[in-house]
file query36.pdb (PDB, C-alpha atoms)
ATOM      1  CA  MET A  10       0.000   0.000   0.000
ATOM      2  CA  ALA A  11       1.179   3.539  -0.704
ATOM      3  CA  ASP A  12       1.363   4.614   2.947
ATOM      4  CA  GLY A  13       3.136   1.458   4.114
ATOM      5  CA  HIS A  14       0.448   0.304   6.543
ATOM      6  CA  GLN A  15       1.093  -3.078   8.143
ATOM      7  CA  TRP A  16      -1.078  -5.163  10.444
ATOM      8  CA  LYS A  17       0.180  -7.417  13.242
ATOM      9  CA  ILE A  18      -1.376 -10.865  13.344
ATOM     10  CA  VAL A  19      -1.564 -13.155  16.311
ATOM     11  CA  LYS A  20      -1.575 -16.533  14.543
ATOM     12  CA  ILE A  21      -0.415 -17.282  11.013
ATOM     13  CA  PRO A  22      -2.832 -19.698   9.292
ATOM     14  CA  LEU A  23      -1.642 -22.192   6.731
ATOM     15  CA  ILE A  24      -1.995 -20.660   3.275
ATOM     16  CA  VAL A  25      -5.355 -21.717   1.855
ATOM     17  CA  GLN A  26      -3.839 -23.141  -1.331
ATOM     18  CA  GLU A  27      -1.574 -25.479   0.633
ATOM     19  CA  LEU A  28      -4.258 -26.316   3.174
ATOM     20  CA  ALA A  29      -6.683 -27.378   0.455
ATOM     21  CA  ALA A  30      -4.132 -29.826  -0.893
ATOM     22  CA  GLU A  31      -3.745 -31.517   2.489
ATOM     23  CA  VAL A  32      -7.281 -31.925   3.808
ATOM     24  CA  HIS A  33     -10.546 -33.369   2.523
ATOM     25  CA  GLU A  34     -12.827 -31.607   5.003
ATOM     26  CA  PRO A  35     -12.429 -27.826   5.468
ATOM     27  CA  PRO A  36     -11.451 -26.764   9.023
ATOM     28  CA  SER A  37     -14.233 -25.251  11.108
ATOM     29  CA  GLN A  38     -12.898 -21.696  10.771
ATOM     30  CA  TYR A  39     -13.597 -21.831   7.014
ATOM     31  CA  MET A  40     -17.187 -22.999   7.417
ATOM     32  CA  VAL A  41     -19.771 -20.244   7.001
ATOM     33  CA  ARG A  42     -22.941 -20.008   9.043
ATOM     34  CA  GLU A  43     -25.808 -22.065   7.728
ATOM     35  CA  GLN A  44     -27.884 -19.019   6.756
ATOM     36  CA  ASP A  45     -24.929 -17.634   4.760
ATOM     37  CA  ARG A  46     -24.043 -20.821   2.913
ATOM     38  CA  PRO A  47     -24.061 -20.553  -0.871
ATOM     39  CA  ALA A  48     -26.317 -22.532  -3.130
ATOM     40  CA  VAL A  49     -24.007 -24.756  -5.154
ATOM     41  CA  THR A  50     -25.503 -23.653  -8.488
ATOM     42  CA  GLY A  51     -26.231 -20.050  -7.529
ATOM     43  CA  SER A  52     -29.589 -18.444  -8.267
ATOM     44  CA  ASP A  53     -31.664 -20.220 -10.875
ATOM     45  CA  MET A  54     -33.553 -17.038 -11.724
ATOM     46  CA  PRO A  55     -32.910 -16.100 -15.385
ATOM     47  CA  GLU A  56     -31.623 -12.548 -14.835
ATOM     48  CA  PRO A  57     -28.723 -11.856 -17.192
ATOM     49  CA  VAL A  58     -25.750  -9.782 -16.095
ATOM     50  CA  PRO A  59     -25.585  -6.925 -18.636
ATOM     51  CA  ILE A  60     -23.094  -6.926 -21.525
ATOM     52  CA  VAL A  61     -21.770  -3.585 -22.838
ATOM     53  CA  ASP A  62     -19.766  -3.135 -26.038
ATOM     54  CA  LEU A  63     -17.016  -0.612 -25.286
ATOM     55  CA  SER A  64     -16.242  -0.105 -28.966
ATOM     56  CA  ARG A  65     -19.723   1.323 -29.407
ATOM     57  CA  LEU A  66     -19.330   3.624 -26.419
ATOM     58  CA  SER A  67     -16.492   5.381 -28.219
ATOM     59  CA  ALA A  68     -18.344   5.581 -31.551
ATOM     60  CA  SER A  69     -19.646   8.900 -32.892
ATOM     61  CA  ASP A  70     -23.031   7.755 -34.152
ATOM     62  CA  ASN A  71     -26.278   6.462 -32.698
ATOM     63  CA  ASP A  72     -24.479   3.341 -31.488
ATOM     64  CA  SER A  73     -22.806   5.474 -28.825
ATOM     65  CA  ALA A  74     -26.075   6.830 -27.434
ATOM     66  CA  GLY A  75     -27.663   3.394 -27.406
ATOM     67  CA  GLU A  76     -24.701   1.783 -25.672
ATOM     68  CA  LEU A  77     -24.506   4.635 -23.163
ATOM     69  CA  ALA A  78     -28.132   3.931 -22.269
ATOM     70  CA  LYS A  79     -27.246   0.252 -21.781
ATOM     71  CA  LEU A  80     -24.375   1.290 -19.522
ATOM     72  CA  ARG A  81     -26.674   3.470 -17.426
ATOM     73  CA  SER A  82     -29.156   0.625 -17.039
ATOM     74  CA  ALA A  83     -26.361  -1.812 -16.118
ATOM     75  CA  LEU A  84     -24.927   0.455 -13.444
ATOM     76  CA  GLU A  85     -28.275   1.460 -11.971
ATOM     77  CA  ASP A  86     -29.539  -2.137 -11.806
ATOM     78  CA  TRP A  87     -26.356  -4.098 -11.142
ATOM     79  CA  GLY A  88     -23.370  -1.826 -10.513
ATOM     80  CA  LEU A  89     -21.372  -3.951 -12.941
ATOM     81  CA  PHE A  90     -21.298  -5.309 -16.479
ATOM     82  CA  LEU A  91     -19.392  -7.645 -18.769
ATOM     83  CA  ALA A  92     -17.355  -5.633 -21.271
ATOM     84  CA  ILE A  93     -16.786  -6.776 -24.831
ATOM     85  CA  GLY A  94     -15.268  -4.796 -27.706
ATOM     86  CA  HIS A  95     -12.438  -3.678 -25.418
ATOM     87  CA  GLY A  96      -9.727  -4.169 -28.034
ATOM     88  CA  MET A  97      -7.633  -6.643 -26.036
ATOM     89  CA  GLU A  98      -6.509  -9.720 -27.932
ATOM     90  CA  PRO A  99      -7.970 -13.039 -26.693
ATOM     91  CA  SER A 100      -4.445 -14.484 -26.770
ATOM     92  CA  PHE A 101      -3.270 -11.823 -24.305
ATOM     93  CA  LEU A 102      -6.134 -12.457 -21.903
ATOM     94  CA  SER A 103      -5.485 -16.193 -22.095
ATOM     95  CA  GLU A 104      -1.803 -15.645 -21.380
ATOM     96  CA  VAL A 105      -2.636 -13.522 -18.308
ATOM     97  CA  ILE A 106      -4.697 -16.363 -16.836
ATOM     98  CA  HIS A 107      -2.070 -18.932 -17.899
ATOM     99  CA  VAL A 108       0.745 -17.021 -16.185
ATOM    100  CA  THR A 109      -1.361 -16.487 -13.072
ATOM    101  CA  ARG A 110      -2.173 -20.189 -12.849
ATOM    102  CA  GLY A 111       1.490 -21.015 -13.484
ATOM    103  CA  PHE A 112       2.621 -18.951 -10.501
ATOM    104  CA  TYR A 113       0.330 -20.839  -8.147
ATOM    105  CA  GLU A 114       1.645 -24.142  -9.480
ATOM    106  CA  LEU A 115       5.191 -23.280  -8.394
ATOM    107  CA  PRO A 116       6.657 -25.067  -5.339
ATOM    108  CA  LEU A 117       5.724 -23.468  -2.029
ATOM    109  CA  GLU A 118       9.301 -22.379  -1.322
ATOM    110  CA  GLU A 119       9.348 -20.415  -4.589
ATOM    111  CA  LYS A 120       6.053 -18.657  -3.876
ATOM    112  CA  GLN A 121       7.102 -17.805  -0.329
ATOM    113  CA  LYS A 122       9.935 -15.692  -1.703
ATOM    114  CA  TYR A 123       7.145 -13.169  -2.356
ATOM    115  CA  SER A 124       5.462 -13.609   1.026
ATOM    116  CA  ASN A 125       3.098 -10.923   2.307
ATOM    117  CA  LEU A 126       4.369 -11.468   5.835
ATOM    118  CA  VAL A 127       7.212  -9.261   7.105
ATOM    119  CA  ASN A 128       9.586 -11.332   9.233
ATOM    120  CA  GLY A 129       6.873 -13.958   9.326
ATOM    121  CA  LYS A 130       4.775 -11.830  11.671
ATOM    122  CA  GLU A 131       3.304  -8.687  10.114
ATOM    123  CA  PHE A 132       0.793  -8.731   7.260
ATOM    124  CA  ARG A 133       1.141  -6.328   4.351
ATOM    125  CA  ILE A 134      -0.957  -5.946   1.203
ATOM    126  CA  GLU A 135       1.809  -6.759  -1.286
ATOM    127  CA  GLY A 136       2.938 -10.334  -1.759
ATOM    128  CA  TYR A 137       1.937 -13.993  -1.769
ATOM    129  CA  GLY A 138      -0.248 -15.523   0.878
ATOM    130  CA  ASN A 139      -3.836 -15.428   2.029
ATOM    131  CA  ASP A 140      -5.339 -12.330   0.420
ATOM    132  CA  MET A 141      -2.414 -11.886  -1.969
ATOM    133  CA  VAL A 142      -2.126  -8.477  -3.602
ATOM    134  CA  VAL A 143       0.636  -7.054  -5.769
ATOM    135  CA  SER A 144       0.609  -3.297  -6.304
ATOM    136  CA  GLU A 145       2.291  -0.960  -8.752
ATOM    137  CA  LYS A 146       1.413   2.464 -10.045
ATOM    138  CA  GLN A 147      -0.686   2.172 -13.181
ATOM    139  CA  ILE A 148       0.425  -1.446 -13.762
ATOM    140  CA  LEU A 149      -0.985  -2.981 -16.953
ATOM    141  CA  ASP A 150      -2.872   0.192 -17.790
ATOM    142  CA  TRP A 151      -5.416  -1.240 -20.214
ATOM    143  CA  GLU A 152      -6.631   2.220 -21.301
ATOM    144  CA  ILE A 153     -10.186   0.976 -20.673
ATOM    145  CA  THR A 154     -10.856   2.836 -17.429
ATOM    146  CA  SER A 155     -10.650   6.264 -19.066
ATOM    147  CA  LEU A 156     -13.424   5.332 -21.517
ATOM    148  CA  VAL A 157     -15.665   4.006 -18.736
ATOM    149  CA  LEU A 158     -14.934   6.948 -16.418
ATOM    150  CA  THR A 159     -15.674   9.397 -19.244
ATOM    151  CA  SER A 160     -19.000   7.652 -19.843
ATOM    152  CA  LEU A 161     -19.828   7.741 -16.126
ATOM    153  CA  ALA A 162     -19.224  11.492 -16.065
ATOM    154  CA  LYS A 163     -21.599  11.931 -19.030
ATOM    155  CA  LEU A 164     -24.310   9.886 -17.321
ATOM    156  CA  LEU A 165     -24.022  12.042 -14.209
ATOM    157  CA  GLY A 166     -24.180  15.304 -16.146
ATOM    158  CA  LEU A 167     -20.563  16.218 -15.385
ATOM    159  CA  HIS A 168     -17.949  17.324 -17.885
ATOM    160  CA  GLU A 169     -16.412  14.306 -19.620
ATOM    161  CA  GLY A 170     -12.995  14.538 -17.995
ATOM    162  CA  TYR A 171     -14.266  14.961 -14.429
ATOM    163  CA  PHE A 172     -13.273  11.528 -13.106
ATOM    164  CA  VAL A 173     -10.377  10.916 -15.514
ATOM    165  CA  ASP A 174      -8.692  14.114 -14.342
ATOM    166  CA  MET A 175      -8.738  12.831 -10.764
ATOM    167  CA  PHE A 176      -6.293  10.084 -11.680
ATOM    168  CA  ASP A 177      -3.047  12.035 -11.503
ATOM    169  CA  GLU A 178       0.480  10.637 -11.219
ATOM    170  CA  ASN A 179      -0.113   9.739  -7.572
ATOM    171  CA  ALA A 180      -3.181   7.642  -8.247
ATOM    172  CA  MET A 181      -2.755   3.950  -7.471
ATOM    173  CA  THR A 182      -3.617   0.761  -9.302
ATOM    174  CA  TYR A 183      -3.593  -2.478  -7.343
ATOM    175  CA  ALA A 184      -3.285  -5.758  -9.230
ATOM    176  CA  ARG A 185      -4.650  -8.712  -7.321
ATOM    177  CA  PHE A 186      -4.017 -12.287  -8.464
ATOM    178  CA  ASN A 187      -6.583 -14.654  -6.977
ATOM    179  CA  TYR A 188      -6.400 -18.415  -6.580
ATOM    180  CA  TYR A 189      -9.378 -20.425  -5.363
ATOM    181  CA  PRO A 190      -8.532 -24.108  -4.800
ATOM    182  CA  ARG A 191     -10.988 -26.951  -5.230
ATOM    183  CA  CYS A 192     -13.166 -27.539  -2.201
ATOM    184  CA  MET A 193     -14.945 -30.777  -1.349
ATOM    185  CA  ARG A 194     -17.676 -28.864   0.502
ATOM    186  CA  PRO A 195     -18.629 -25.967  -1.802
ATOM    187  CA  ASP A 196     -21.992 -25.753  -0.059
ATOM    188  CA  HIS A 197     -20.256 -24.917   3.242
ATOM    189  CA  VAL A 198     -17.285 -22.760   2.209
ATOM    190  CA  LEU A 199     -16.894 -19.451   0.354
ATOM    191  CA  GLY A 200     -13.874 -18.593  -1.759
ATOM    192  CA  LEU A 201     -14.287 -14.924  -0.835
ATOM    193  CA  LYS A 202     -16.948 -13.585   1.483
ATOM    194  CA  PRO A 203     -19.418 -10.849   0.483
ATOM    195  CA  HIS A 204     -17.862  -7.420   0.067
ATOM    196  CA  SER A 205     -17.749  -4.352  -2.148
ATOM    197  CA  ASP A 206     -14.574  -2.788  -3.560
ATOM    198  CA  ALA A 207     -12.889   0.281  -2.068
ATOM    199  CA  SER A 208     -11.750   1.325  -5.542
ATOM    200  CA  VAL A 209     -13.210   3.943  -7.851
ATOM    201  CA  ILE A 210     -13.530   1.318 -10.565
ATOM    202  CA  THR A 211     -12.496  -2.338 -10.841
ATOM    203  CA  VAL A 212     -11.565  -4.278 -13.985
ATOM    204  CA  ALA A 213     -11.233  -8.073 -13.830
ATOM    205  CA  SER A 214      -9.980 -10.718 -16.201
ATOM    206  CA  ILE A 215     -11.731 -13.857 -15.020
ATOM    207  CA  ASP A 216     -11.110 -17.525 -15.653
ATOM    208  CA  ASP A 217     -13.180 -18.499 -18.686
ATOM    209  CA  SER A 218     -13.137 -22.176 -17.762
ATOM    210  CA  VAL A 219     -14.550 -22.045 -14.219
ATOM    211  CA  SER A 220     -17.362 -19.878 -12.867
ATOM    212  CA  GLY A 221     -17.619 -18.808  -9.259
ATOM    213  CA  LEU A 222     -18.307 -15.092  -9.002
ATOM    214  CA  GLN A 223     -21.734 -14.068  -7.718
ATOM    215  CA  VAL A 224     -23.318 -10.617  -7.334
ATOM    216  CA  LEU A 225     -26.042  -9.608  -4.902
ATOM    217  CA  ARG A 226     -29.028  -7.871  -6.495
ATOM    218  CA  GLN A 227     -32.240  -7.078  -4.612
ATOM    219  CA  GLY A 228     -31.443  -9.680  -1.962
ATOM    220  CA  VAL A 229     -30.738 -12.507  -4.454
ATOM    221  CA  TRP A 230     -27.334 -13.921  -5.427
ATOM    222  CA  TYR A 231     -26.770 -14.264  -9.177
ATOM    223  CA  ASP A 232     -23.997 -16.130 -10.956
ATOM    224  CA  VAL A 233     -21.849 -13.960 -13.209
ATOM    225  CA  PRO A 234     -21.764 -16.026 -16.419
ATOM    226  CA  ILE A 235     -18.687 -16.904 -18.404
ATOM    227  CA  VAL A 236     -18.483 -14.833 -21.592
ATOM    228  CA  PRO A 237     -15.285 -15.707 -23.467
ATOM    229  CA  ASN A 238     -12.792 -12.818 -23.662
ATOM    230  CA  ALA A 239     -15.088 -10.426 -21.772
ATOM    231  CA  LEU A 240     -13.805  -8.291 -18.911
ATOM    232  CA  LEU A 241     -15.883  -7.734 -15.798
ATOM    233  CA  ILE A 242     -16.115  -4.061 -14.820
ATOM    234  CA  ASN A 243     -17.780  -2.773 -11.680
ATOM    235  CA  VAL A 244     -17.973   0.560  -9.934
ATOM    236  CA  GLY A 245     -16.389   0.672  -6.517
ATOM    237  CA  ASP A 246     -17.266   2.487  -3.311
ATOM    238  CA  GLY A 247     -15.423   5.532  -4.657
ATOM    239  CA  ILE A 248     -17.989   6.042  -7.426
ATOM    240  CA  GLU A 249     -20.891   5.364  -5.073
ATOM    241  CA  ILE A 250     -19.598   8.084  -2.750
ATOM    242  CA  MET A 251     -18.705  10.597  -5.470
ATOM    243  CA  SER A 252     -22.030  10.060  -7.260
ATOM    244  CA  ASN A 253     -23.774  10.656  -3.926
ATOM    245  CA  GLY A 254     -25.426   7.257  -4.198
ATOM    246  CA  LEU A 255     -26.709   7.537  -7.772
ATOM    247  CA  PHE A 256     -24.570   4.518  -8.682
ATOM    248  CA  LYS A 257     -24.141   1.707  -6.151
ATOM    249  CA  SER A 258     -21.024  -0.324  -5.526
ATOM    250  CA  PRO A 259     -22.202  -3.946  -5.894
ATOM    251  CA  VAL A 260     -21.761  -6.525  -3.147
ATOM    252  CA  HIS A 261     -20.214  -9.680  -4.584
ATOM    253  CA  ARG A 262     -18.630 -12.934  -3.437
ATOM    254  CA  VAL A 263     -16.826 -15.988  -4.795
ATOM    255  CA  VAL A 264     -18.149 -19.504  -4.308
ATOM    256  CA  THR A 265     -15.995 -22.621  -4.475
ATOM    257  CA  ASN A 266     -16.426 -25.782  -6.499
ATOM    258  CA  ALA A 267     -15.338 -29.374  -6.136
ATOM    259  CA  GLU A 268     -14.174 -29.910  -9.706
ATOM    260  CA  ARG A 269     -11.179 -27.628 -10.247
ATOM    261  CA  GLU A 270      -9.364 -24.531  -9.048
ATOM    262  CA  ARG A 271     -10.163 -21.039 -10.327
ATOM    263  CA  VAL A 272      -7.908 -18.009 -10.913
ATOM    264  CA  SER A 273      -8.480 -14.365 -11.795
ATOM    265  CA  LEU A 274      -6.625 -11.074 -12.146
ATOM    266  CA  VAL A 275      -8.344  -7.989 -10.765
ATOM    267  CA  MET A 276      -7.270  -4.367 -11.203
ATOM    268  CA  PHE A 277      -8.416  -1.868  -8.581
ATOM    269  CA  TYR A 278      -8.127   1.771  -9.653
ATOM    270  CA  THR A 279      -7.929   4.192  -6.721
ATOM    271  CA  LEU A 280      -7.185   7.889  -6.291
ATOM    272  CA  ASP A 281      -4.081   9.455  -4.803
ATOM    273  CA  PRO A 282      -3.976   8.128  -1.211
ATOM    274  CA  GLU A 283      -3.995  11.725   0.081
ATOM    275  CA  LYS A 284      -7.097  12.752  -1.903
ATOM    276  CA  GLU A 285     -10.418  13.099  -0.139
ATOM    277  CA  LEU A 286     -13.309  10.845  -1.133
ATOM    278  CA  GLU A 287     -16.590  12.754  -0.971
ATOM    279  CA  PRO A 288     -19.714  13.457  -3.053
ATOM    280  CA  VAL A 289     -19.229  15.663  -6.114
ATOM    281  CA  PRO A 290     -20.618  19.118  -5.169
ATOM    282  CA  GLU A 291     -22.705  19.280  -8.370
ATOM    283  CA  LEU A 292     -24.531  16.116  -7.298
ATOM    284  CA  VAL A 293     -25.543  17.433  -3.884
ATOM    285  CA  ASP A 294     -28.682  19.482  -3.301
ATOM    286  CA  ASP A 295     -29.770  20.283   0.237
ATOM    287  CA  GLU A 296     -33.437  19.958  -0.665
ATOM    288  CA  LYS A 297     -33.646  17.426  -3.510
ATOM    289  CA  ARG A 298     -30.588  15.275  -2.920
ATOM    290  CA  PRO A 299     -28.788  15.952   0.366
ATOM    291  CA  ARG A 300     -25.263  14.768   0.986
ATOM    292  CA  LYS A 301     -25.260  11.030   1.811
ATOM    293  CA  TYR A 302     -21.588  10.371   2.599
ATOM    294  CA  ALA A 303     -18.993  11.986   4.832
ATOM    295  CA  LYS A 304     -15.494  12.917   3.675
ATOM    296  CA  MET A 305     -12.560  10.519   4.147
ATOM    297  CA  LYS A 306      -9.023  10.317   2.770
ATOM    298  CA  THR A 307      -8.510   7.563   0.230
ATOM    299  CA  LYS A 308      -5.698   5.937   2.236
ATOM    300  CA  ASP A 309      -7.887   5.832   5.348
ATOM    301  CA  TYR A 310     -10.744   4.361   3.356
ATOM    302  CA  VAL A 311      -8.562   1.566   1.956
ATOM    303  CA  THR A 312      -7.237   0.822   5.436
ATOM    304  CA  GLY A 313     -10.807   0.744   6.699
ATOM    305  CA  LEU A 314     -11.701  -1.802   4.031
ATOM    306  CA  PHE A 315      -9.376  -4.413   5.500
ATOM    307  CA  GLU A 316     -10.514  -3.736   9.037
ATOM    308  CA  THR A 317     -14.206  -4.031   8.204
ATOM    309  CA  PHE A 318     -13.733  -6.955   5.803
ATOM    310  CA  ALA A 319     -12.216  -9.004   8.613
ATOM    311  CA  ARG A 320     -15.374  -8.363  10.643
ATOM    312  CA  GLY A 321     -17.733  -9.098   7.763
ATOM    313  CA  THR A 322     -18.983  -5.502   7.499
ATOM    314  CA  ARG A 323     -18.621  -2.778   4.840
ATOM    315  CA  VAL A 324     -16.420   0.276   5.185
ATOM    316  CA  ILE A 325     -18.862   2.391   3.168
ATOM    317  CA  ASP A 326     -21.378   2.060   5.987
ATOM    318  CA  THR A 327     -18.973   3.974   8.254
ATOM    319  CA  VAL A 328     -19.177   7.097   6.061
ATOM    320  CA  LYS A 329     -22.908   7.068   5.335
ATOM    321  CA  ILE A 330     -24.802  10.025   6.775
ATOM    322  CA  SER A 331     -28.052   9.102   8.498
ATOM    323  CA  GLU A 332     -31.109  10.721   6.989
TER     324      GLU A 332
END
call {"tool": "encode", "arguments": {"input": "query36.pdb", "output": "structure tokens"}}
result
Amino acid sequence: MADGHQWKIVKIPLIVQELAAEVHEPPSQYMVREQDRPAVTGSDMPEPVPIVDLSRLSASDNDSAGELAKLRSALEDWGLFLAIGHGMEPSFLSEVIHVTRGFYELPLEEKQKYSNLVNGKEFRIEGYGNDMVVSEKQILDWEITSLVLTSLAKLLGLHEGYFVDMFDENAMTYARFNYYPRCMRPDHVLGLKPHSDASVITVASIDDSVSGLQVLRQGVWYDVPIVPNALLINVGDGIEIMSNGLFKSPVHRVVTNAERERVSLVMFYTLDPEKELEPVPELVDDEKRPRKYAKMKTKDYVTGLFETFARGTRVIDTVKISE
């Protein structure tokens, strides 16, 4: 993390990947409460996750207006969408997943060279381990976020560069490589518990051979389908706060499966750690749309994410202003 935060931990658990290879029954600390256990097949309600063609968003004809309307509907109803027409070669996306999977297939001693534990005792965001994250400024800048952020500004009635201009040289991009091992009790264990992202926007390249991501919509969990070569894009808490609640950061989770492991690469785009996160003044009206979120520095918000995630709560709830 940019500000070098570290967290002391009392007991170091065995890394999930290695644990899964050694046991047939998940330990009790990985079992979720009965009321929170996932349905193995997800929701069977036929509600499709929206698909948006980014190449049409950047067009100069009626295609642009139509696709912008689809984007608005996707963000208002779901907070996320599957992006096609992004201009990235299928071979590149396949190689990203291949390399990610290859890293996790290395011997444990090789992976531990990149451990996220300092001196074996203190947890940090960067490195290999449970909740592995690797961070670099603007790493793998896919030049997709600027198009989406420009479109978001249009939908909110702001000038097109409003959000793009916020991403200065001190803005941060976190690349997270996820590995979810096979689990013999997918009905009792989650790969990643429900949460929303602390980012402004998140772009994910997901495994096109194994599903597992689910999104919460109107109290129902829906499977995010596999669409070959599509990227998954969702707004984060940053956009929910800056839009003053007009767009919602979706709650999502990852379920496990008994057949094979799953990997993904997720890019979290955040502002300069010293910048304040708060509603855009133009989107606040004392009478019609009062301010819904308090101000907080980006670095404090990201730190708060890890603290609340460990407790199973959401950091965005700590900045909401009661009506």
call {"tool": "resolve_selection", "arguments": {"input": "query36.pdb", "expression": "the PyMOL selection byres ((chain A and resi 212-222) around 6)", "output": "PDB file with C-alpha atoms, in the frame of the given file"}}
result
ATOM      1  CA  THR A 211     -12.496  -2.338 -10.841  1.00  0.00           C
ATOM      2  CA  GLN A 223     -21.734 -14.068  -7.718  1.00  0.00           C
ATOM      3  CA  VAL A 233     -21.849 -13.960 -13.209  1.00  0.00           C
ATOM      4  CA  ILE A 235     -18.687 -16.904 -18.404  1.00  0.00           C
ATOM      5  CA  PRO A 237     -15.285 -15.707 -23.467  1.00  0.00           C
ATOM      6  CA  LEU A 240     -13.805  -8.291 -18.911  1.00  0.00           C
ATOM      7  CA  LEU A 241     -15.883  -7.734 -15.798  1.00  0.00           C
ATOM      8  CA  ILE A 242     -16.115  -4.061 -14.820  1.00  0.00           C
ATOM      9  CA  ARG A 262     -18.630 -12.934  -3.437  1.00  0.00           C
ATOM     10  CA  VAL A 263     -16.826 -15.988  -4.795  1.00  0.00           C
ATOM     11  CA  VAL A 264     -18.149 -19.504  -4.308  1.00  0.00           C
ATOM     12  CA  ARG A 271     -10.163 -21.039 -10.327  1.00  0.00           C
ATOM     13  CA  VAL A 272      -7.908 -18.009 -10.913  1.00  0.00           C
ATOM     14  CA  SER A 273      -8.480 -14.365 -11.795  1.00  0.00           C
ATOM     15  CA  LEU A 274      -6.625 -11.074 -12.146  1.00  0.00           C
ATOM     16  CA  VAL A 275      -8.344  -7.989 -10.765  1.00  0.00           C
ATOM     17  CA  MET A 276      -7.270  -4.367 -11.203  1.00  0.00           C
TER      18      MET A 276
END
call {"tool": "axis_aligned_box", "arguments": {"input": "query36.pdb", "around": "segment 198-207 of chain A", "padding_each_side": "3 Å", "output": "lines of an AutoDock Vina configuration file"}}
result
center_x = -16.2
center_y = -11.2
center_z = -0.7
size_x = 12.5
size_y = 29.0
size_z = 11.8
call {"tool": "atom_distance", "arguments": {"input": "query36.pdb", "atom1": "atom CA of Val244 of chain A", "atom2": "atom CA of Ser100 of chain A"}}
result
26.3 Å
call {"tool": "resolve_selection", "arguments": {"input": "query36.pdb", "expression": "the PyMOL selection byres ((chain A and resi 292-308) around 12)", "output": "PyMOL selection string"}}
result
chain A and resi 10-14+162+164-167+179-181+207-209+246-256+278-291+309-315+324-332
call {"tool": "closest_residue", "arguments": {"input": "query36.pdb", "among": "A:Leu63, A:Ala68, A:Ala239, A:Ser205", "to": "Thr322 of chain A", "atoms": "all atoms listed in the file"}}
result
A:Ser205
call {"tool": "atom_distance", "arguments": {"input": "query36.pdb", "atom1": "atom CA of Glu98 of chain A", "atom2": "atom CA of Val224 of chain A"}}
result
26.6 Å
call {"tool": "atom_distance", "arguments": {"input": "query36.pdb", "atom1": "atom CA of Gly228 of chain A", "atom2": "atom CA of Pro57 of chain A"}}
result
15.6 Å
call {"tool": "residues_near_point", "arguments": {"input": "query36.pdb", "point": "(-13.3, 13.1, -15.3)", "cutoff": "9 Å", "atoms": "only C-alpha atoms", "output": "number ranges by chain"}}
result
A: 155, 158-159, 161-162, 167-176
call {"tool": "closest_residue", "arguments": {"input": "query36.pdb", "among": "A:Val236, A:Leu80, A:Val198, A:Leu102", "to": "Asp62 of chain A", "atoms": "only C-alpha atoms"}}
result
A:Leu80
call {"tool": "closest_residue", "arguments": {"input": "query36.pdb", "among": "A:Met97, A:Val157, A:Leu84, A:Leu89", "to": "Arg65 of chain A", "atoms": "all atoms listed in the file"}}
result
A:Val157
call {"tool": "resolve_selection", "arguments": {"input": "query36.pdb", "expression": "the PyMOL selection byres ((chain A and resi 203) around 12)", "output": "list in words"}}
result
Val41, Asp45, Arg46, Pro47, Leu199, Gly200, Leu201, Lys202, His204, Ser205, Asp206, Leu222, Gln223, Val224, Leu225, Trp230, Pro259, Val260, His261, Arg262, Val263, Val264, Thr317, Phe318, Ala319, Arg320, Gly321, Thr322 and Arg323 of chain A
call {"tool": "residues_around", "arguments": {"input": "query36.pdb", "residues": "Thr109 of chain A", "least_positions_apart": "2", "cutoff": "9 Å", "atoms": "all atoms listed in the file", "output": "list in words"}}
result
Glu104, Val105, Ile106, His107, Gly111, Phe112, Tyr113, Glu114, Phe186, Asn187, Tyr188, Val272, Ser273 and Leu274 of chain A
call {"tool": "write_last_selection", "arguments": {"input": "query36.pdb", "atoms": "C-alpha atoms", "output": "compact mmCIF listing (two decimals), keeping the file's coordinate frame"}}
result
# COMPACT_ATOMS: atom_id res chain seq x y z
CA GLU A 104 -1.80 -15.64 -21.38
CA VAL A 105 -2.64 -13.52 -18.31
CA ILE A 106 -4.70 -16.36 -16.84
CA HIS A 107 -2.07 -18.93 -17.90
CA GLY A 111 1.49 -21.02 -13.48
CA PHE A 112 2.62 -18.95 -10.50
CA TYR A 113 0.33 -20.84 -8.15
CA GLU A 114 1.64 -24.14 -9.48
CA PHE A 186 -4.02 -12.29 -8.46
CA ASN A 187 -6.58 -14.65 -6.98
CA TYR A 188 -6.40 -18.42 -6.58
CA VAL A 272 -7.91 -18.01 -10.91
CA SER A 273 -8.48 -14.36 -11.80
CA LEU A 274 -6.62 -11.07 -12.15
